[in-house]
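Coordinates as given in start-v4.txt (compact mmCIF, C-alpha atoms):
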```
# COMPACT_ATOMS: atom_id res chain seq x y z
CA MET A 1 160.20 95.95 86.59
CA VAL A 2 156.63 95.29 87.72
CA GLN A 3 154.33 94.64 84.79
CA GLU A 4 151.19 96.78 84.83
CA LYS A 5 147.89 94.94 85.09
CA LYS A 6 145.60 95.13 82.09
CA VAL A 7 141.81 95.52 82.20
CA VAL A 8 140.24 92.55 80.42
CA ASP A 9 136.58 93.33 81.13
CA GLU A 10 134.62 96.16 82.73
CA VAL A 11 131.21 97.55 83.52
CA SER A 12 131.51 101.30 83.04
CA GLY A 13 131.86 103.15 86.33
CA TRP A 14 131.23 100.11 88.48
CA LEU A 15 133.67 97.25 87.91
CA ARG A 16 137.01 96.37 86.29
CA ILE A 17 138.47 92.86 85.92
CA TYR A 18 142.21 92.53 85.37
CA ASP A 19 144.29 89.95 83.56
CA ASP A 20 145.53 88.54 86.89
CA GLY A 21 141.92 87.81 87.92
CA SER A 22 141.68 90.66 90.44
CA VAL A 23 138.54 92.80 90.58
CA ASP A 24 138.31 96.54 91.32
CA ARG A 25 134.92 97.91 92.37
CA THR A 26 136.06 101.49 93.00
CA TRP A 27 133.43 103.90 91.65
CA THR A 28 134.86 105.74 88.63
CA GLY A 29 131.70 107.49 87.47
CA PRO A 30 130.64 111.08 88.34
CA PRO A 31 132.25 112.04 91.68
CA GLU A 32 129.06 113.72 92.92
CA VAL A 33 127.49 110.23 93.10
CA ASN A 34 130.34 108.69 95.08
CA PHE A 35 128.76 109.34 98.50
CA MET A 36 125.99 106.82 97.69
CA VAL A 37 128.44 103.91 97.43
CA GLU A 38 130.49 104.83 100.50
CA PRO A 39 130.15 102.44 103.47
CA VAL A 40 128.40 103.69 106.61
CA ALA A 41 130.01 102.63 109.88
CA PRO A 42 127.74 100.68 112.25
CA HIS A 43 126.42 102.57 115.28
CA GLU A 44 124.71 100.82 118.19
CA GLU A 45 123.41 104.12 119.54
CA PHE A 46 120.20 105.34 117.93
CA ILE A 47 120.74 107.98 115.24
CA ASP A 48 117.57 109.43 113.74
CA GLY A 49 115.62 106.59 115.35
CA VAL A 50 117.70 103.64 114.09
CA ALA A 51 120.69 101.66 115.40
CA THR A 52 122.79 99.36 113.24
CA ARG A 53 125.44 96.75 113.91
CA ASP A 54 127.34 94.07 112.01
CA VAL A 55 127.30 90.43 113.11
CA THR A 56 129.21 87.30 112.15
CA ILE A 57 126.90 84.49 111.11
CA ASN A 58 127.94 80.98 112.10
CA THR A 59 126.80 78.54 109.43
CA THR A 60 127.20 74.85 108.84
CA ASN A 61 128.55 75.49 105.32
CA ASN A 62 132.08 74.19 105.06
CA ASP A 63 133.03 76.90 102.57
CA HIS A 64 135.71 78.69 104.64
CA PHE A 65 133.81 81.93 104.08
CA ILE A 66 133.05 84.22 107.01
CA HIS A 67 129.41 85.20 106.66
CA ARG A 68 128.47 88.63 107.95
CA ALA A 69 125.25 90.61 108.09
CA ARG A 70 124.19 94.13 108.93
CA LEU A 71 121.27 94.55 111.34
CA TYR A 72 118.99 97.59 111.51
CA LEU A 73 116.86 98.15 114.61
CA PRO A 74 114.29 100.95 114.97
CA GLU A 75 114.12 102.72 118.31
CA ILE A 76 111.46 100.91 120.33
CA THR A 77 108.47 103.08 121.23
CA PRO A 78 105.54 102.54 123.67
CA LYS A 79 103.41 101.69 120.60
CA ASP A 80 105.63 98.66 119.89
CA ASN A 81 103.81 96.40 122.34
CA GLU A 82 104.56 93.29 120.28
CA LYS A 83 107.71 91.86 118.82
CA LEU A 84 108.79 93.23 115.44
CA PRO A 85 108.68 91.46 112.05
CA ILE A 86 112.09 90.50 110.62
CA LEU A 87 113.06 91.57 107.10
CA LEU A 88 115.80 89.46 105.52
CA HIS A 89 117.14 91.80 102.82
CA PHE A 90 119.24 90.88 99.77
CA GLN A 91 121.03 93.76 98.07
CA GLY A 92 121.03 94.27 94.31
CA GLY A 93 123.94 95.06 92.02
CA GLY A 94 123.68 92.38 89.35
CA PHE A 95 125.19 89.80 91.76
CA CYS A 96 128.53 91.62 91.17
CA ILE A 97 128.58 94.92 93.09
CA SER A 98 127.13 96.69 96.15
CA GLU A 99 127.18 95.96 99.87
CA PRO A 100 124.52 96.24 102.59
CA ASP A 101 126.52 99.01 104.32
CA TRP A 102 126.55 101.33 101.29
CA PHE A 103 124.97 104.70 102.04
CA MET A 104 122.23 104.16 99.42
CA TYR A 105 121.03 101.05 101.30
CA TYR A 106 121.59 102.55 104.74
CA GLU A 107 119.42 105.51 103.79
CA VAL A 108 116.57 103.40 102.42
CA TYR A 109 116.63 100.68 105.09
CA THR A 110 116.77 103.07 108.05
CA ARG A 111 113.63 104.65 106.57
CA LEU A 112 112.03 101.27 105.89
CA VAL A 113 112.53 99.78 109.37
CA LYS A 114 111.14 102.93 110.98
CA SER A 115 108.10 102.93 108.71
CA THR A 116 107.34 99.20 108.87
CA ARG A 117 108.38 98.81 112.55
CA SER A 118 110.61 95.88 111.72
CA ILE A 119 114.17 94.62 112.18
CA CYS A 120 116.25 94.26 109.01
CA VAL A 121 118.96 91.62 108.58
CA SER A 122 121.05 92.21 105.44
CA PRO A 123 123.79 89.65 104.70
CA PHE A 124 127.01 90.59 102.92
CA LEU A 125 126.44 88.31 99.95
CA ARG A 126 129.36 86.84 98.05
CA ARG A 127 129.74 88.54 94.70
CA ALA A 128 130.61 87.47 91.19
CA PRO A 129 132.81 87.02 89.27
CA GLU A 130 134.93 85.71 92.19
CA HIS A 131 131.91 83.77 93.46
CA ARG A 132 129.49 82.86 90.70
CA LEU A 133 125.92 81.87 91.40
CA PRO A 134 124.56 80.01 93.29
CA ALA A 135 126.99 81.42 95.94
CA ALA A 136 124.73 84.39 96.80
CA ILE A 137 121.69 82.07 97.03
CA ASP A 138 123.62 79.79 99.39
CA ASP A 139 124.44 82.85 101.53
CA GLY A 140 120.79 83.91 101.60
CA LEU A 141 119.65 80.49 102.77
CA ALA A 142 122.53 80.34 105.30
CA THR A 143 121.28 83.60 106.81
CA LEU A 144 117.75 82.20 107.04
CA ARG A 145 119.16 79.14 108.83
CA TRP A 146 121.08 81.46 111.18
CA LEU A 147 117.77 83.14 112.07
CA GLN A 148 116.42 79.66 112.82
CA CYS A 149 119.40 79.00 115.13
CA VAL A 150 118.72 82.26 116.99
CA ALA A 151 115.02 81.40 117.25
CA LYS A 152 115.87 77.98 118.72
CA GLY A 153 118.40 79.45 121.15
CA ASP A 154 121.36 77.65 119.56
CA THR A 155 122.94 81.01 118.66
CA ARG A 156 122.62 84.29 120.53
CA ASP A 157 121.70 87.69 119.15
CA PRO A 158 120.38 90.22 121.67
CA TRP A 159 118.40 92.39 119.23
CA LEU A 160 116.62 89.51 117.54
CA GLU A 161 116.01 87.58 120.78
CA LYS A 162 114.53 90.60 122.54
CA HIS A 163 112.65 92.26 119.70
CA GLY A 164 112.30 89.87 116.72
CA ASP A 165 109.13 87.97 115.80
CA PHE A 166 110.34 84.73 114.18
CA ASN A 167 106.78 83.98 113.14
CA LYS A 168 106.91 86.96 110.77
CA VAL A 169 110.05 86.67 108.64
CA PHE A 170 109.88 88.34 105.22
CA LEU A 171 112.38 88.06 102.39
CA ILE A 172 112.90 91.36 100.57
CA GLY A 173 115.39 92.24 97.85
CA ASP A 174 115.90 94.70 95.05
CA SER A 175 117.06 94.10 91.47
CA SER A 176 119.23 90.94 91.55
CA GLY A 177 118.28 90.69 95.24
CA GLY A 178 114.70 90.25 94.02
CA ASN A 179 115.83 87.13 92.17
CA LEU A 180 117.25 85.88 95.47
CA VAL A 181 113.88 86.40 97.18
CA HIS A 182 112.39 83.86 94.76
CA GLU A 183 115.36 81.46 94.84
CA VAL A 184 115.66 81.42 98.65
CA SER A 185 111.87 80.99 98.95
CA VAL A 186 112.08 77.99 96.61
CA ARG A 187 114.88 76.40 98.64
CA ALA A 188 113.13 77.18 101.90
CA SER A 189 109.98 75.43 100.64
CA SER A 190 111.71 72.07 101.06
CA THR A 191 113.45 72.98 104.33
CA ASP A 192 112.21 72.64 107.91
CA LEU A 193 112.73 76.15 109.29
CA ARG A 194 110.68 75.74 112.47
CA PRO A 195 110.18 77.79 114.62
CA VAL A 196 110.80 80.36 111.87
CA ARG A 197 107.83 81.07 109.61
CA LEU A 198 108.43 82.58 106.20
CA ALA A 199 105.52 85.03 106.06
CA GLY A 200 106.13 86.60 102.65
CA GLY A 201 108.45 87.52 99.80
CA ILE A 202 108.92 91.04 98.41
CA PRO A 203 110.94 91.15 95.17
CA ILE A 204 111.46 94.80 94.17
CA HIS A 205 112.35 95.35 90.48
CA PRO A 206 113.81 91.81 90.18
CA GLY A 207 116.44 91.16 87.53
CA TYR A 208 114.38 88.84 85.35
CA ALA A 209 115.53 88.51 81.75
CA ARG A 210 115.59 86.22 78.74
CA SER A 211 118.20 85.57 76.05
CA GLU A 212 115.92 87.37 73.63
CA ARG A 213 115.46 91.09 74.32
CA SER A 214 112.01 92.05 75.60
CA ARG A 215 110.07 94.99 74.22
CA SER A 216 110.68 97.04 77.39
CA GLU A 217 114.44 96.41 77.13
CA ASN A 218 114.35 97.87 73.63
CA GLU A 219 112.01 100.77 74.37
CA MET A 220 112.44 101.93 77.98
CA PRO A 221 115.03 104.54 79.03
CA GLN A 222 118.34 103.34 80.42
CA SER A 223 119.12 104.73 83.89
CA PRO A 224 122.18 105.14 86.15
CA PHE A 225 121.09 101.98 87.97
CA LEU A 226 120.48 99.85 84.87
CA THR A 227 121.72 99.96 81.29
CA LEU A 228 121.57 97.13 78.77
CA ASP A 229 125.37 96.87 78.94
CA MET A 230 125.23 96.49 82.75
CA LEU A 231 122.50 93.87 82.45
CA ASP A 232 124.40 91.78 79.91
CA LYS A 233 127.83 92.10 81.54
CA PHE A 234 126.73 91.47 85.12
CA LEU A 235 124.75 88.37 84.17
CA SER A 236 127.55 86.99 82.00
CA LEU A 237 129.90 87.39 84.98
CA SER A 238 127.55 85.95 87.59
CA LEU A 239 125.51 83.10 86.09
CA PRO A 240 127.00 79.60 86.32
CA ASN A 241 129.60 78.96 83.62
CA GLY A 242 128.02 77.94 80.33
CA SER A 243 124.63 79.47 81.21
CA ASN A 244 122.70 82.23 79.47
CA LYS A 245 119.87 84.51 80.61
CA ASP A 246 117.33 81.67 80.19
CA HIS A 247 118.79 80.12 83.37
CA PRO A 248 116.13 79.57 86.09
CA ILE A 249 117.83 82.14 88.37
CA THR A 250 117.22 84.91 85.83
CA CYS A 251 114.17 83.39 84.15
CA PRO A 252 112.20 81.40 86.75
CA MET A 253 109.10 81.59 84.52
CA GLY A 254 110.92 80.17 81.48
CA LYS A 255 110.97 76.72 79.90
CA ALA A 256 114.33 75.84 81.48
CA ALA A 257 112.97 76.43 85.00
CA PRO A 258 111.02 73.93 87.13
CA PRO A 259 107.26 74.64 87.12
CA LEU A 260 106.31 77.28 89.70
CA SER A 261 103.38 75.11 90.72
CA SER A 262 105.81 72.55 92.16
CA PHE A 263 106.90 74.89 94.97
CA LYS A 264 105.13 75.84 98.20
CA LEU A 265 105.77 79.57 98.24
CA PRO A 266 104.67 82.21 100.77
CA PRO A 267 102.54 85.17 99.64
CA PHE A 268 104.47 87.54 97.35
CA LEU A 269 104.34 91.28 96.72
CA LEU A 270 106.00 91.98 93.37
CA CYS A 271 107.02 95.64 93.04
CA ILE A 272 107.84 96.93 89.57
CA ALA A 273 108.54 100.32 87.96
CA GLU A 274 106.56 101.43 84.93
CA LYS A 275 109.67 102.48 82.97
CA ASP A 276 112.01 99.69 84.07
CA LEU A 277 113.97 98.04 81.26
CA LEU A 278 112.93 94.70 82.79
CA ARG A 279 109.24 95.52 83.22
CA ASP A 280 107.99 93.04 80.60
CA THR A 281 109.90 90.05 81.98
CA GLN A 282 108.83 91.00 85.52
CA MET A 283 105.22 90.99 84.29
CA GLU A 284 105.80 87.56 82.69
CA TYR A 285 106.89 86.33 86.12
CA TYR A 286 103.77 87.84 87.71
CA GLU A 287 101.49 86.19 85.17
CA ALA A 288 103.30 82.85 85.59
CA MET A 289 102.88 83.05 89.38
CA LYS A 290 99.16 83.79 88.97
CA LYS A 291 98.78 80.91 86.50
CA ALA A 292 100.48 78.60 89.02
CA ASN A 293 97.86 79.71 91.61
CA LYS A 294 100.43 81.44 93.79
CA GLU A 295 99.34 84.25 96.10
CA VAL A 296 100.96 87.28 94.45
CA GLU A 297 100.13 90.98 94.58
CA LEU A 298 101.46 93.62 92.18
CA PHE A 299 102.53 97.19 92.91
CA VAL A 300 103.60 99.53 90.10
CA SER A 301 105.57 102.76 90.61
CA LYS A 302 104.27 105.10 87.92
CA GLU A 303 106.75 106.77 85.55
CA MET A 304 109.72 105.39 87.54
CA THR A 305 112.84 103.54 86.34
CA HIS A 306 114.81 100.62 87.82
CA SER A 307 115.74 101.01 91.52
CA PHE A 308 114.74 104.70 91.46
CA TYR A 309 114.23 104.79 95.26
CA LEU A 310 117.95 104.20 95.89
CA ASN A 311 118.86 107.44 94.09
CA LYS A 312 118.96 109.94 96.97
CA ILE A 313 119.80 112.81 94.60
CA ALA A 314 116.66 112.21 92.53
CA VAL A 315 114.53 111.66 95.65
CA GLU A 316 115.63 115.01 97.09
CA MET A 317 115.39 116.99 93.85
CA ASP A 318 112.17 115.61 92.37
CA HIS A 319 108.93 115.65 94.34
CA THR A 320 107.41 112.94 92.11
CA VAL A 321 110.31 110.54 92.79
CA SER A 322 110.06 111.27 96.52
CA ALA A 323 106.30 110.64 96.49
CA GLU A 324 106.72 107.37 94.57
CA ARG A 325 109.34 106.16 97.04
CA SER A 326 107.01 106.95 99.95
CA ALA A 327 104.20 105.08 98.16
CA LEU A 328 106.47 102.05 97.64
CA ILE A 329 107.50 101.94 101.30
CA GLY A 330 103.84 102.38 102.28
CA ARG A 331 102.80 99.43 100.12
CA VAL A 332 105.53 97.23 101.63
CA LYS A 333 104.33 98.29 105.10
CA ASP A 334 100.73 97.31 104.25
CA PHE A 335 101.86 93.91 102.95
CA ILE A 336 103.88 93.17 106.10
CA GLU A 337 101.00 94.18 108.37
CA LYS A 338 98.58 92.03 106.34
CA HIS A 339 100.68 88.87 106.69
```

Structure rendered as structure tokens:
Amino acid sequence: MVQEKKVVDEVSGWLRIYDDGSVDRTWTGPPEVNFMVEPVAPHEEFIDGVATRDVTINTTNNDHFIHRARLYLPEITPKDNEKLPILLHFQGGGFCISEPDWFMYYEVYTRLVKSTRSICVSPFLRRAPEHRLPAAIDDGLATLRWLQCVAKGDTRDPWLEKHGDFNKVFLIGDSSGGNLVHEVSVRASSTDLRPVRLAGGIPIHPGYARSERSRSENEMPQSPFLTLDMLDKFLSLSLPNGSNKDHPITCPMGKAAPPLSSFKLPPFLLCIAEKDLLRDTQMEYYEAMKKANKEVELFVSKEMTHSFYLNKIAVEMDHTVSAERSALIGRVKDFIEKH
């Protein structure tokens, strides 16, 4: 008789861990939301002005892990008389869930590359708890090094070679992916990436936290994309063993982190939401960056909650949410064009 597996830990709706160590990420929340976490198949023909394909990334890491990434390319128009900036995107999900091919990301990033006239490269990051941090950071840096290999001609990629501007590479990430924007920028600051130039970092609603609850964590509304339980569980499953939320990955402005002034960082655009649970710690990061004399701009989405722009249902049903998403994409576009 086969013994039934028992759930030993879970994040409601999103994740179940069993006593044999296996992990199930099947969505078990409201079925009407399921379409947002369904994978979208790649299509090299242009659909609604964007083509997308998956690539295997050859890295020098001897980790026996096959690195993959999803590429988004906007349909080239006569106005695109120059090569296009490259966005290296890191998905959110508390380091534990989500993939770059999920419909929620496909929908946002097809819109983003069309608006910003850029190519997006989104690696399939290793996820916790099977791969605790810094695995996802290693994958982010490996993807940046892969871009360098393409730029040098050591590796081939037709889209990037023909259309990509390696002098304008931007790191962009949402939620926990925002943490990776900072971490990969820090690592890249001591790395020779030539001929790639890191032109900017765009953390969107980064997952910054402390062991002690902030005022916004206690007072702001919990949302489908972030509850206090999700925050605590995901970070306990993903941070290095023995760590707490004061770890530099989740609290780069804290006492346990190296001083921000010690890193040569590109210009940053920090995007936050007024009603995000993590707003206060994100603002602490902003103030710490300013104090360290880093070039950092701030954009605030009024009345919005964490990762609101990924919620297609809310975007379609609520004009205010739709307008705020358009404003966010517009601000990202301005930042890319400026740098």

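If you look at CA of Gln148 in chain A and CA of Leu193 in chain A, they are 6.2 Å away from each other.
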
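Minimum distance to Val150 in chain A across A:Ile97, A:Ile249, A:Cys120, A:Ile57 (counting only C-alpha atoms) occurs at A:Ile57.
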
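Reported to one decimal place, the separation of CA of Gly201 in chain A from CA of Val181 in chain A is 6.1 Å.
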
Measure the distance from CA of His247 in chain A to CA of Pro134 in chain A in Å and round it to one decimal. 11.5 Å

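Distance annotation: of A:Val40, A:Val321, A:Ala199, A:Ala142, the residue with the minimal separation from His67 in chain A is A:Ala142; atom set is all atoms listed in the file.
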
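Counting only C-alpha atoms and comparing A:Asp9, A:Asp101, A:Glu212, A:Asp232, the residue that lies closest to Ala41 in chain A is A:Asp101.
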
Within 10 Å of range 160-164 of chain A, which residues of range 76-155 of chain A show up? Give each one with its shortest atom-to-atom distance in Å (one decimal) and the two atoms involved, counting all atoms listed in the file, rows by chain then rising residue number, as CSV.
```
residue,atom,partner,partner_atom,distance
A:Ile76,CA,A:His163,CA,8.8
A:Asp80,CA,A:His163,CA,9.5
A:Glu82,CA,A:His163,CA,8.2
A:Lys83,CA,A:His163,CA,5.0
A:Leu84,CA,A:Gly164,CA,5.0
A:Pro85,CA,A:Gly164,CA,6.1
A:Ile86,CA,A:Gly164,CA,6.1
A:Leu87,CA,A:Gly164,CA,9.8
A:Ser118,CA,A:Gly164,CA,8.0
A:Ile119,CA,A:Gly164,CA,6.8
A:Cys120,CA,A:Gly164,CA,9.7
A:Val121,CA,A:Leu160,CA,9.5
A:Leu147,CA,A:Leu160,CA,8.5
A:Val150,CA,A:Glu161,CA,7.1
A:Ala151,CA,A:Glu161,CA,7.2
A:Lys152,CA,A:Glu161,CA,9.8
A:Gly153,CA,A:Glu161,CA,8.5
A:Thr155,CA,A:Glu161,CA,9.8
```

Answer as a list in words, residues within 9 Å of (114.2, 98.0, 79.6) using only C-alpha atoms: Arg213, Ser214, Arg215, Ser216, Glu217, Asn218, Glu219, Met220, Pro221, Gln222, Leu226, Thr227, Leu228, Lys275, Asp276, Leu277, Leu278, Arg279, Asp280, Thr305 and His306 of chain A
